[in-house]
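Structure file data_27.pdb (PDB, C-alpha atoms) follows.
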ATOM      1  CA  MET A   1    -100.247-124.783  61.272
ATOM      2  CA  LYS A   2     -99.369-128.410  61.948
ATOM      3  CA  HIS A   3     -99.471-130.849  64.851
ATOM      4  CA  LEU A   4     -96.198-131.429  66.688
ATOM      5  CA  LYS A   5     -94.854-134.803  67.729
ATOM      6  CA  ILE A   6     -92.114-135.282  70.324
ATOM      7  CA  VAL A   7     -89.332-137.562  69.072
ATOM      8  CA  ALA A   8     -86.744-136.863  71.778
ATOM      9  CA  LYS A   9     -85.560-140.029  73.515
ATOM     10  CA  GLY A  10     -87.388-140.627  76.811
ATOM     11  CA  TRP A  11     -90.292-138.345  75.909
ATOM     12  CA  GLU A  12     -92.365-140.957  74.113
ATOM     13  CA  GLY A  13     -95.993-140.926  75.313
ATOM     14  CA  TYR A  14     -95.568-137.573  77.083
ATOM     15  CA  THR A  15     -98.899-136.097  78.213
ATOM     16  CA  SER A  16     -98.855-132.590  79.641
ATOM     17  CA  TYR A  17     -98.081-129.011  78.633
ATOM     18  CA  ILE A  18     -94.933-127.684  76.990
ATOM     19  CA  GLY A  19     -94.755-123.933  76.559
ATOM     20  CA  GLY A  20     -98.506-123.675  76.974
ATOM     21  CA  VAL A  21     -99.212-126.337  74.308
ATOM     22  CA  PRO A  22    -101.075-129.456  75.537
ATOM     23  CA  PHE A  23     -99.594-132.806  74.438
ATOM     24  CA  LYS A  24    -101.173-136.241  74.673
ATOM     25  CA  ASP A  25     -99.140-139.395  74.072
ATOM     26  CA  GLY A  26     -96.348-137.203  72.675
ATOM     27  CA  VAL A  27     -98.546-135.420  70.088
ATOM     28  CA  SER A  28     -99.966-131.898  70.388
ATOM     29  CA  GLU A  29    -103.722-131.867  70.788
ATOM     30  CA  HIS A  30    -104.145-129.103  68.200
ATOM     31  CA  PRO A  31    -102.119-127.517  65.375
ATOM     32  CA  VAL A  32     -99.397-125.209  66.666
ATOM     33  CA  PRO A  33     -98.526-121.797  65.172
ATOM     34  CA  ARG A  34     -95.076-121.738  63.592
ATOM     35  CA  TYR A  35     -93.556-119.193  65.966
ATOM     36  CA  ILE A  36     -94.597-121.312  68.988
ATOM     37  CA  ALA A  37     -93.427-124.521  67.292
ATOM     38  CA  ASP A  38     -90.041-122.897  66.613
ATOM     39  CA  ARG A  39     -89.728-121.874  70.246
ATOM     40  CA  ILE A  40     -90.612-125.150  71.954
ATOM     41  CA  SER A  41     -88.820-127.363  69.411
ATOM     42  CA  SER A  42     -85.580-125.477  70.000
ATOM     43  CA  GLY A  43     -85.117-127.354  73.287
ATOM     44  CA  ILE A  44     -86.829-130.682  72.567
ATOM     45  CA  ALA A  45     -86.563-132.648  69.330
ATOM     46  CA  MET A  46     -89.919-132.590  67.551
ATOM     47  CA  VAL A  47     -91.364-133.161  64.101
ATOM     48  CA  GLU A  48     -94.277-131.580  62.266
ATOM     49  CA  ILE A  49     -97.014-133.928  61.064
ATOM     50  CA  ASN A  50     -98.043-133.080  57.503
ATOM     51  CA  GLU A  51    -101.536-133.531  56.084
ATOM     52  CA  ASP A  52    -100.522-136.744  54.307
ATOM     53  CA  GLY A  53     -99.163-138.186  57.560
ATOM     54  CA  SER A  54     -95.517-137.684  56.694
ATOM     55  CA  GLU A  55     -93.213-136.083  59.223
ATOM     56  CA  THR A  56     -90.827-133.148  58.828
ATOM     57  CA  PRO A  57     -88.274-132.018  61.432
ATOM     58  CA  ALA A  58     -89.606-128.974  63.281
ATOM     59  CA  GLY A  59     -87.682-125.834  64.155
ATOM     60  CA  VAL A  60     -85.862-122.944  62.556
ATOM     61  CA  ALA A  61     -82.613-124.826  61.956
ATOM     62  CA  HIS A  62     -84.252-127.627  59.987
ATOM     63  CA  ARG A  63     -86.383-125.189  57.999
ATOM     64  CA  LEU A  64     -83.373-123.079  56.990
ATOM     65  CA  VAL A  65     -81.550-126.173  55.760
ATOM     66  CA  ALA A  66     -84.591-127.294  53.771
ATOM     67  CA  GLU A  67     -85.125-123.873  52.210
ATOM     68  CA  THR A  68     -81.515-123.614  51.066
ATOM     69  CA  ARG A  69     -82.068-126.765  49.009
ATOM     70  CA  GLU A  70     -84.854-125.179  47.035
ATOM     71  CA  ARG A  71     -83.959-124.151  43.519
ATOM     72  CA  ALA A  72     -85.468-121.493  41.375
ATOM     73  CA  PRO A  73     -87.219-122.900  38.301
ATOM     74  CA  VAL A  74     -85.192-122.867  35.096
ATOM     75  CA  VAL A  75     -86.611-120.283  32.742
ATOM     76  CA  GLU A  76     -86.434-121.291  29.109
ATOM     77  CA  ALA A  77     -84.602-118.881  26.844
ATOM     78  CA  LEU A  78     -86.814-116.711  24.704
ATOM     79  CA  ALA A  79     -87.011-117.776  21.089
ATOM     80  CA  ARG A  80     -85.138-115.505  18.697
ATOM     81  CA  ALA A  81     -87.108-113.788  15.998
ATOM     82  CA  THR A  82     -86.519-114.970  12.452
ATOM     83  CA  ASP A  83     -85.471-112.598   9.673
ATOM     84  CA  LYS A  84     -88.986-112.793   8.255
ATOM     85  CA  GLU A  85     -90.513-111.890  11.618
ATOM     86  CA  LEU A  86     -88.125-108.955  12.008
ATOM     87  CA  GLU A  87     -89.026-107.752   8.533
ATOM     88  CA  ASP A  88     -92.747-107.978   9.294
ATOM     89  CA  GLU A  89     -92.238-106.150  12.586
ATOM     90  CA  ALA A  90     -90.379-103.343  10.827
ATOM     91  CA  LYS A  91     -93.242-102.968   8.396
ATOM     92  CA  LEU A  92     -95.736-102.877  11.245
ATOM     93  CA  ASP A  93     -93.681-100.195  12.985
ATOM     94  CA  ALA A  94     -93.727 -98.174   9.798
ATOM     95  CA  LEU A  95     -97.464 -98.558   9.536
ATOM     96  CA  ARG A  96     -97.943 -97.543  13.160
ATOM     97  CA  ALA A  97     -95.761 -94.487  12.638
ATOM     98  CA  GLN A  98     -97.857 -93.565   9.615
ATOM     99  CA  LYS A  99    -101.246 -94.458  11.031
ATOM    100  CA  ALA A 100    -104.055 -92.900   9.073
ATOM    101  CA  PRO A 101    -106.239 -90.385  10.951
ATOM    102  CA  VAL A 102    -109.349 -92.203   9.698
ATOM    103  CA  GLU A 103    -110.534 -95.796   9.778
ATOM    104  CA  ARG A 104    -111.111 -95.909   6.027
ATOM    105  CA  PHE A 105    -110.246 -94.133   2.807
ATOM    106  CA  TYR A 106    -112.938 -92.644   0.580
ATOM    107  CA  THR A 107    -113.356 -92.448  -3.154
ATOM    108  CA  ARG A 108    -114.815 -89.376  -4.812
ATOM    109  CA  GLU A 109    -118.158 -91.147  -5.247
ATOM    110  CA  GLU A 110    -118.260 -92.123  -1.581
ATOM    111  CA  LEU A 111    -117.540 -88.560  -0.454
ATOM    112  CA  GLU A 112    -120.263 -87.228  -2.725
ATOM    113  CA  LYS A 113    -122.653 -89.769  -1.225
ATOM    114  CA  VAL A 114    -121.701 -88.570   2.278
ATOM    115  CA  VAL A 115    -122.619 -85.046   1.203
ATOM    116  CA  GLU A 116    -125.952 -86.243  -0.164
ATOM    117  CA  GLU A 117    -126.806 -88.076   3.063
ATOM    118  CA  THR A 118    -125.348 -85.793   5.762
ATOM    119  CA  GLY A 119    -124.562 -82.575   3.963
ATOM    120  CA  LEU A 120    -121.478 -80.430   4.406
ATOM    121  CA  LYS A 121    -121.405 -81.281   8.096
ATOM    122  CA  GLY A 122    -120.707 -84.965   7.410
ATOM    123  CA  LEU A 123    -118.001 -84.086   4.898
ATOM    124  CA  ARG A 124    -116.342 -81.765   7.404
ATOM    125  CA  GLU A 125    -116.215 -84.556   9.987
ATOM    126  CA  ILE A 126    -114.000 -86.426   7.527
ATOM    127  CA  SER A 127    -111.981 -83.408   6.371
ATOM    128  CA  ASP A 128    -111.261 -82.306   9.947
ATOM    129  CA  ARG A 129    -109.422 -85.552  10.544
ATOM    130  CA  TRP A 130    -107.237 -84.789   7.548
ATOM    131  CA  ASP A 131    -106.772 -81.242   8.835
ATOM    132  CA  VAL A 132    -108.122 -79.643   5.662
ATOM    133  CA  LYS A 133    -110.844 -76.980   5.536
ATOM    134  CA  HIS A 134    -112.933 -75.191   2.922
ATOM    135  CA  ARG A 135    -116.353 -73.624   2.732
ATOM    136  CA  ALA A 136    -117.335 -75.226  -0.564
ATOM    137  CA  VAL A 137    -118.123 -78.909  -1.064
ATOM    138  CA  ASN A 138    -116.216 -79.663  -4.272
ATOM    139  CA  PRO A 139    -112.918 -78.027  -3.232
ATOM    140  CA  LEU A 140    -113.167 -79.768   0.139
ATOM    141  CA  ILE A 141    -113.667 -83.146  -1.551
ATOM    142  CA  GLU A 142    -110.580 -82.465  -3.694
ATOM    143  CA  MET A 143    -108.567 -81.562  -0.600
ATOM    144  CA  VAL A 144    -109.600 -84.765   1.209
ATOM    145  CA  LEU A 145    -108.713 -86.898  -1.815
ATOM    146  CA  LYS A 146    -105.339 -85.153  -2.117
ATOM    147  CA  ALA A 147    -104.600 -85.615   1.600
ATOM    148  CA  GLN A 148    -105.395 -89.323   1.313
ATOM    149  CA  GLU A 149    -103.198 -89.672  -1.758
ATOM    150  CA  GLU A 150    -100.251 -87.898  -0.117
ATOM    151  CA  PHE A 151    -100.583 -90.027   3.001
ATOM    152  CA  LEU A 152    -100.551 -93.284   1.020
ATOM    153  CA  ALA A 153     -97.589 -92.126  -1.068
ATOM    154  CA  LYS A 154     -95.621 -91.202   2.044
ATOM    155  CA  ARG A 155     -96.416 -94.486   3.762
ATOM    156  CA  ASN A 156     -95.477 -96.521   0.687
ATOM    157  CA  GLN A 157     -92.236 -94.570   0.404
ATOM    158  CA  ARG A 158     -91.386 -95.385   4.004
ATOM    159  CA  LEU A 159     -92.132 -99.080   3.495
ATOM    160  CA  GLN A 160     -90.024 -99.098   0.332
ATOM    161  CA  SER A 161     -87.171 -97.456   2.222
ATOM    162  CA  ILE A 162     -87.292-100.216   4.818
ATOM    163  CA  ALA A 163     -87.341-102.856   2.096
ATOM    164  CA  ASP A 164     -84.362-101.189   0.370
ATOM    165  CA  ARG A 165     -82.351-101.106   3.602
ATOM    166  CA  GLN A 166     -83.098-104.751   4.245
ATOM    167  CA  ALA A 167     -82.108-105.655   0.688
ATOM    168  CA  ALA A 168     -78.866-103.673   1.051
ATOM    169  CA  ALA A 169     -78.073-105.407   4.332
ATOM    170  CA  THR A 170     -78.740-108.793   2.743
ATOM    171  CA  LYS A 171     -76.531-107.917  -0.222
ATOM    172  CA  GLU A 172     -73.742-106.700   2.056
ATOM    173  CA  ALA A 173     -73.907-109.918   4.062
ATOM    174  CA  GLU A 174     -73.728-111.930   0.837
ATOM    175  CA  VAL A 175     -70.728-109.908  -0.373
ATOM    176  CA  GLU A 176     -68.964-110.528   2.935
ATOM    177  CA  ARG A 177     -69.760-114.232   2.715
ATOM    178  CA  LEU A 178     -68.391-114.488  -0.829
ATOM    179  CA  ALA A 179     -65.276-112.529   0.158
ATOM    180  CA  ARG A 180     -64.711-114.871   3.071
ATOM    181  CA  LEU A 181     -65.122-117.916   0.829
ATOM    182  CA  GLU A 182     -62.691-116.434  -1.708
ATOM    183  CA  ALA A 183     -60.128-115.749   1.016
ATOM    184  CA  GLU A 184     -60.489-119.321   2.249
ATOM    185  CA  ARG A 185     -60.089-120.624  -1.304
ATOM    186  CA  LEU A 186     -56.915-118.601  -1.890
ATOM    187  CA  ALA A 187     -55.500-119.710   1.448
ATOM    188  CA  GLN A 188     -56.203-123.332   0.548
ATOM    189  CA  GLU A 189     -54.587-122.897  -2.866
ATOM    190  CA  GLU A 190     -51.491-121.441  -1.226
ATOM    191  CA  ALA A 191     -51.398-124.313   1.255
ATOM    192  CA  ASP A 192     -51.777-126.804  -1.596
ATOM    193  CA  ARG A 193     -49.023-125.068  -3.555
ATOM    194  CA  ILE A 194     -46.655-125.222  -0.606
ATOM    195  CA  ALA A 195     -47.573-128.827   0.092
ATOM    196  CA  SER A 196     -47.038-129.763  -3.563
ATOM    197  CA  THR A 197     -43.440-128.465  -3.639
ATOM    198  CA  VAL A 198     -41.258-131.566  -3.668
ATOM    199  CA  LEU A 199     -37.655-131.025  -2.627
ATOM    200  CA  GLY A 200     -35.108-131.928  -5.302
ATOM    201  CA  SER A 201     -31.361-132.537  -5.415
ATOM    202  CA  SER A 202     -28.290-130.467  -4.736
ATOM    203  CA  VAL A 203     -26.099-133.062  -6.476
ATOM    204  CA  LEU A 204     -27.762-133.994  -9.762
ATOM    205  CA  ALA A 205     -27.657-131.766 -12.833
ATOM    206  CA  SER A 206     -30.707-129.728 -13.755
ATOM    207  CA  VAL A 207     -31.169-131.510 -17.106
ATOM    208  CA  TYR A 208     -29.969-134.738 -18.777
ATOM    209  CA  GLN A 209     -29.966-136.279 -22.244
ATOM    210  CA  VAL A 210     -30.378-139.973 -22.970
ATOM    211  CA  ALA A 211     -31.238-141.827 -26.187
ATOM    212  CA  GLY A 212     -32.332-138.583 -27.831
ATOM    213  CA  HIS A 213     -34.583-137.625 -24.923
ATOM    214  CA  VAL A 214     -34.222-134.622 -22.625
ATOM    215  CA  ILE A 215     -35.069-135.311 -18.984
ATOM    216  CA  GLN A 216     -35.388-132.444 -16.533
ATOM    217  CA  LEU A 217     -34.324-132.862 -12.929
ATOM    218  CA  GLY A 218     -37.915-132.137 -11.905
ATOM    219  CA  GLU A 219     -39.078-135.225 -13.821
ATOM    220  CA  ILE A 220     -36.523-137.399 -12.045
ATOM    221  CA  VAL A 221     -37.601-135.974  -8.684
ATOM    222  CA  ASN A 222     -41.287-136.601  -9.404
ATOM    223  CA  MET A 223     -40.617-140.176 -10.520
ATOM    224  CA  ALA A 224     -38.491-140.895  -7.436
ATOM    225  CA  HIS A 225     -41.082-139.345  -5.156
ATOM    226  CA  LYS A 226     -43.901-141.371  -6.701
ATOM    227  CA  ARG A 227     -41.848-144.575  -6.475
ATOM    228  CA  SER A 228     -41.111-143.915  -2.775
ATOM    229  CA  GLY A 229     -44.814-143.971  -1.889
ATOM    230  CA  LEU A 230     -44.265-141.083   0.536
ATOM    231  CA  THR A 231     -46.438-138.024   0.917
ATOM    232  CA  VAL A 232     -44.985-134.654  -0.060
ATOM    233  CA  THR A 233     -44.409-133.868   3.606
ATOM    234  CA  GLY A 234     -42.826-137.262   4.212
ATOM    235  CA  TRP A 235     -40.521-136.850   1.210
ATOM    236  CA  ASN A 236     -39.451-133.354   2.228
ATOM    237  CA  LYS A 237     -38.676-134.532   5.769
ATOM    238  CA  LEU A 238     -36.251-137.191   4.546
ATOM    239  CA  PRO A 239     -32.585-136.620   5.444
ATOM    240  CA  ASP A 240     -30.676-135.222   2.475
ATOM    241  CA  ASP A 241     -28.565-138.349   2.033
ATOM    242  CA  LYS A 242     -31.611-140.647   1.894
ATOM    243  CA  ARG A 243     -33.375-138.388  -0.578
ATOM    244  CA  GLU A 244     -30.260-138.197  -2.764
ATOM    245  CA  ALA A 245     -29.979-142.000  -2.604
ATOM    246  CA  LEU A 246     -33.563-142.401  -3.871
ATOM    247  CA  LEU A 247     -32.855-139.948  -6.690
ATOM    248  CA  ALA A 248     -29.662-141.816  -7.618
ATOM    249  CA  GLU A 249     -31.665-145.057  -7.743
ATOM    250  CA  GLN A 250     -34.134-143.373 -10.084
ATOM    251  CA  VAL A 251     -31.269-142.331 -12.372
ATOM    252  CA  GLU A 252     -30.076-145.948 -12.464
ATOM    253  CA  ILE A 253     -33.612-147.117 -13.302
ATOM    254  CA  LEU A 254     -33.775-144.659 -16.208
ATOM    255  CA  GLU A 255     -30.350-145.716 -17.468
ATOM    256  CA  ALA A 256     -31.428-149.360 -17.346
ATOM    257  CA  HIS A 257     -34.615-148.465 -19.210
ATOM    258  CA  TYR A 258     -32.829-146.593 -22.016
ATOM    259  CA  GLY A 259     -29.797-148.886 -22.049
ATOM    260  CA  GLU A 260     -27.278-146.061 -21.726
ATOM    261  CA  LYS A 261     -25.983-143.514 -19.254
ATOM    262  CA  LEU A 262     -27.704-140.193 -18.638
ATOM    263  CA  VAL A 263     -25.532-137.360 -19.934
ATOM    264  CA  ASP A 264     -25.430-134.014 -18.158
ATOM    265  CA  ALA A 265     -26.977-131.547 -20.600
ATOM    266  CA  SER A 266     -26.759-128.472 -18.397
ATOM    267  CA  ALA A 267     -25.486-125.196 -19.814
ATOM    268  CA  PRO A 268     -21.686-124.899 -19.988
ATOM    269  CA  ALA A 269     -21.699-122.280 -17.280
ATOM    270  CA  GLU A 270     -23.512-124.697 -15.019
ATOM    271  CA  LYS A 271     -20.997-127.471 -15.754
ATOM    272  CA  LYS A 272     -18.245-125.261 -14.463
ATOM    273  CA  LEU A 273     -20.178-124.885 -11.258
ATOM    274  CA  GLU A 274     -20.898-128.567 -10.693
ATOM    275  CA  ALA A 275     -18.795-128.427  -7.552
ATOM    276  CA  LEU A 276     -21.031-125.718  -6.032
ATOM    277  CA  LEU A 277     -23.310-126.918  -3.275
ATOM    278  CA  GLY A 278     -26.986-126.211  -3.927
ATOM    279  CA  SER A 279     -30.060-126.292  -1.691
ATOM    280  CA  SER A 280     -31.796-129.015   0.248
ATOM    281  CA  VAL A 281     -34.827-126.772   0.789
ATOM    282  CA  LEU A 282     -35.678-125.102  -2.512
ATOM    283  CA  ALA A 283     -37.584-126.908  -5.242
ATOM    284  CA  PRO A 284     -35.700-128.236  -8.294
ATOM    285  CA  SER A 285     -37.400-125.663 -10.531
ATOM    286  CA  TYR A 286     -39.769-122.675 -10.442
ATOM    287  CA  GLU A 287     -42.133-121.066 -12.934
ATOM    288  CA  ILE A 288     -41.128-117.397 -13.150
ATOM    289  CA  ALA A 289     -42.379-114.936 -15.771
ATOM    290  CA  GLY A 290     -43.750-117.774 -17.882
ATOM    291  CA  LYS A 291     -40.565-119.830 -18.027
ATOM    292  CA  THR A 292     -39.022-122.620 -15.968
ATOM    293  CA  VAL A 293     -36.044-121.551 -13.863
ATOM    294  CA  GLN A 294     -33.925-124.488 -12.727
ATOM    295  CA  LEU A 295     -32.336-124.643  -9.312
ATOM    296  CA  GLY A 296     -28.906-124.554 -10.964
ATOM    297  CA  GLU A 297     -29.617-121.095 -12.365
ATOM    298  CA  ILE A 298     -30.582-119.854  -8.903
ATOM    299  CA  VAL A 299     -27.362-121.335  -7.485
ATOM    300  CA  ARG A 300     -25.262-119.608 -10.164
ATOM    301  CA  GLY A 301     -26.965-116.264  -9.507
ATOM    302  CA  ALA A 302     -26.492-116.551  -5.748
ATOM    303  CA  PHE A 303     -22.849-117.594  -6.240
ATOM    304  CA  ALA A 304     -22.228-114.574  -8.472
ATOM    305  CA  THR A 305     -23.723-112.292  -5.822
ATOM    306  CA  PHE A 306     -21.589-114.012  -3.175
ATOM    307  CA  GLY A 307     -18.440-113.040  -5.106
ATOM    308  CA  GLY A 308     -16.171-115.636  -3.506
ATOM    309  CA  THR A 309     -14.547-118.826  -4.706
ATOM    310  CA  ALA A 310     -16.297-122.161  -5.090
ATOM    311  CA  ASP A 311     -14.439-123.488  -2.053
ATOM    312  CA  ALA A 312     -15.549-120.485   0.010
ATOM    313  CA  TRP A 313     -19.123-120.992  -1.171
ATOM    314  CA  ASN A 314     -19.076-124.658  -0.243
ATOM    315  CA  ALA A 315     -17.527-123.823   3.135
ATOM    316  CA  LEU A 316     -20.459-121.569   4.062
ATOM    317  CA  ALA A 317     -22.762-122.715   6.818
ATOM    318  CA  GLU A 318     -25.799-124.353   5.257
ATOM    319  CA  GLU A 319     -28.108-121.746   6.789
ATOM    320  CA  ALA A 320     -26.063-118.875   5.322
ATOM    321  CA  ARG A 321     -25.994-120.530   1.894
ATOM    322  CA  GLU A 322     -29.751-121.114   1.988
ATOM    323  CA  ASP A 323     -30.261-117.430   2.834
ATOM    324  CA  LEU A 324     -28.258-116.374  -0.238
ATOM    325  CA  LEU A 325     -30.250-118.761  -2.427
ATOM    326  CA  ARG A 326     -33.558-117.426  -1.090
ATOM    327  CA  LEU A 327     -32.392-113.858  -1.747
ATOM    328  CA  GLU A 328     -31.611-114.792  -5.345
ATOM    329  CA  LEU A 329     -35.017-116.447  -5.717
ATOM    330  CA  ASP A 330     -36.713-113.363  -4.258
ATOM    331  CA  ARG A 331     -34.786-111.175  -6.707
ATOM    332  CA  LEU A 332     -36.031-113.235  -9.642
ATOM    333  CA  LEU A 333     -39.602-113.140  -8.360
ATOM    334  CA  VAL A 334     -39.499-109.365  -7.880
ATOM    335  CA  ALA A 335     -38.063-108.917 -11.361
ATOM    336  CA  GLU A 336     -41.061-110.866 -12.668
TER
END

structure tokens encoding of this file:
Amino acid sequence: MKHLKIVAKGWEGYTSYIGGVPFKDGVSEHPVPRYIADRISSGIAMVEINEDGSETPAGVAHRLVAETRERAPVVEALARATDKELEDEAKLDALRAQKAPVERFYTREELEKVVEETGLKGLREISDRWDVKHRAVNPLIEMVLKAQEEFLAKRNQRLQSIADRQAAATKEAEVERLARLEAERLAQEEADRIASTVLGSSVLASVYQVAGHVIQLGEIVNMAHKRSGLTVTGWNKLPDDKREALLAEQVEILEAHYGEKLVDASAPAEKKLEALLGSSVLAPSYEIAGKTVQLGEIVRGAFATFGGTADAWNALAEEAREDLLRLELDRLLVAE
């Protein structure tokens, strides 16, 4: 209970009774029970005077507002058991499940000493706990020793079983981890392989000769790409005409280096198909079945499958022509 103080305007210094409670100079003369304080403060503004002299608005309305602001204490999350703690707990459970019926185990000498000191009665107190019985001392000692041995063997077997299951679970988790790492490695290798494929040319020949040297189109592409300073992605995103211009510049650089023109050294069949449009998507060459397959060979195979004239081939929509080239590449890969 607390004293009440009237704070309503015009009631300062009030001395008299309100609801049976005597007030003097606006303060109740004695502490007021809560139910009475709630009743009389509902019509006149009052405050409760706390023990430290502070004041709190009186009445049900103010108390409800104050109580809604209270917050339950934050309970800290329970700490998770470590693998070692779980393992120890499992062993303890096994031990509890296989609790020995006696507080201690006896050796043969100790049992014989029990017989000497307490007779057959003392021995039977021990044997009864192992649920073995016999009228003679020596057979009963043997039965107690055997019961102890069987109990220990069974308990050790159970503990070993738990250890084996834990080891198997650990091994399985390790196998899964290694499999996941291997899958990530293969995925990264595939991504690297795709990223390392530099688009070539649909205009240049697949191979040239100059000053006794043979230069593959792939070498020209790699040199032009390196000279451009672009990433693989940046190079592949170049418009076809800009990429072809960089490759043509590289051919001129090589011709200036060797002092003579690069001569098309493609197979005769490929020379006949120089007018065939190639691909702006596929790489200049692929490694298939241990050998290098040039883009020109893929173009010739796709053209043969197409069965039309060179003009009809070149008149195809680029998307349709690329589809035929991919089909030919897939055929070669499957044949591998």

Worksheet item: Counting all atoms listed in the file, which of A:Ser201, A:Thr107, A:Gln216, A:Asn50 gets nearest to Pro239 (chain A)?
Response: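 Once distances to Pro239 (chain A) are computed over all atoms listed in the file, the minimum belongs to A:Ser201.
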
Item to complete: Check which residues satisfy the PyMOL selection byres ((chain A and resi 19) around 10) in the file shown, then give them as a ChimeraX atom specification.
Response: /A:17-18,20-22,36-37,39-41

Practice prompt. Would you kindly return, as a VMD selection string, each protein, DNA or RNA residue with an atom no farther than 10 Å from any atom of Leu111 (chain A), considering only C-alpha atoms and excluding same-chain residues fewer than 6 positions away?
Written response: chain A and resid 105 117 122 to 123 126 137 to 138 140 to 142 144 to 145

Item to complete: Tell me, as a list of chain:residue names, which residues lie within 9 Å of Val27 (chain A), counting all atoms listed in the file; anything in the same chain fewer than 6 positions away does not count.
Response: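 Listed by chain and then number, they are A:His3, A:Leu4, A:Lys5, A:Ile6, A:Gly13, A:Tyr14, A:Thr15.
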
Discussion item. Could you list, as an MDAnalysis selection string, every residue within 9 Å of Ser266 (chain A), counting only C-alpha atoms and ignoring same-chain residues fewer than 6 positions away?
Written reply: chainID A and resid 205:208 296

Worksheet, complete the sentence: What separates CA of Val102 (chain A) and CA of Arg129 (chain A) is a distance of 6.7 Å

Practice prompt. Excluding Gly212 (chain A) and residues on its chain fewer than 6 positions from it, collect all residues at most 12 Å away from it, counting all atoms listed in the file, and give them as number ranges by chain.
Written response: A: 258, 260-263, 265

Can you write just those residues out, C-alpha atoms, as an mmCIF file, in the coordinates of the input?
data_model
loop_
_atom_site.group_PDB
_atom_site.id
_atom_site.type_symbol
_atom_site.label_atom_id
_atom_site.label_comp_id
_atom_site.auth_asym_id
_atom_site.auth_seq_id
_atom_site.Cartn_x
_atom_site.Cartn_y
_atom_site.Cartn_z
ATOM 1 C CA TYR A 258 -32.829 -146.593 -22.016
ATOM 2 C CA GLU A 260 -27.278 -146.061 -21.726
ATOM 3 C CA LYS A 261 -25.983 -143.514 -19.254
ATOM 4 C CA LEU A 262 -27.704 -140.193 -18.638
ATOM 5 C CA VAL A 263 -25.532 -137.360 -19.934
ATOM 6 C CA ALA A 265 -26.977 -131.547 -20.600
#

Practice prompt. Kindly give the distance, in Å, that separates CA of Gly218 (chain A) and CA of Ala304 (chain A), rounded to a single decimal.
Written response: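 Pair CA of Gly218 (chain A) / CA of Ala304 (chain A) returns 23.8 Å.
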
Worksheet item: A:Leu230, A:Leu64, A:Ala312, A:Leu327: which is nearest Leu246 (chain A), counting all atoms listed in the file?
Response: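 Closest candidate: A:Leu230.
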
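With CA of Glu12 (chain A) on one side and CA of Ile44 (chain A) on the other, the separation reads 11.8 Å.
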
Discussion item. So that I can see what lies close to Val221 (chain A), please list as a count of residues only the residues with an atom at most 7 Å from it, counting all atoms listed in the file and leaving out residues fewer than 3 positions away in the same chain.
Written reply: 6
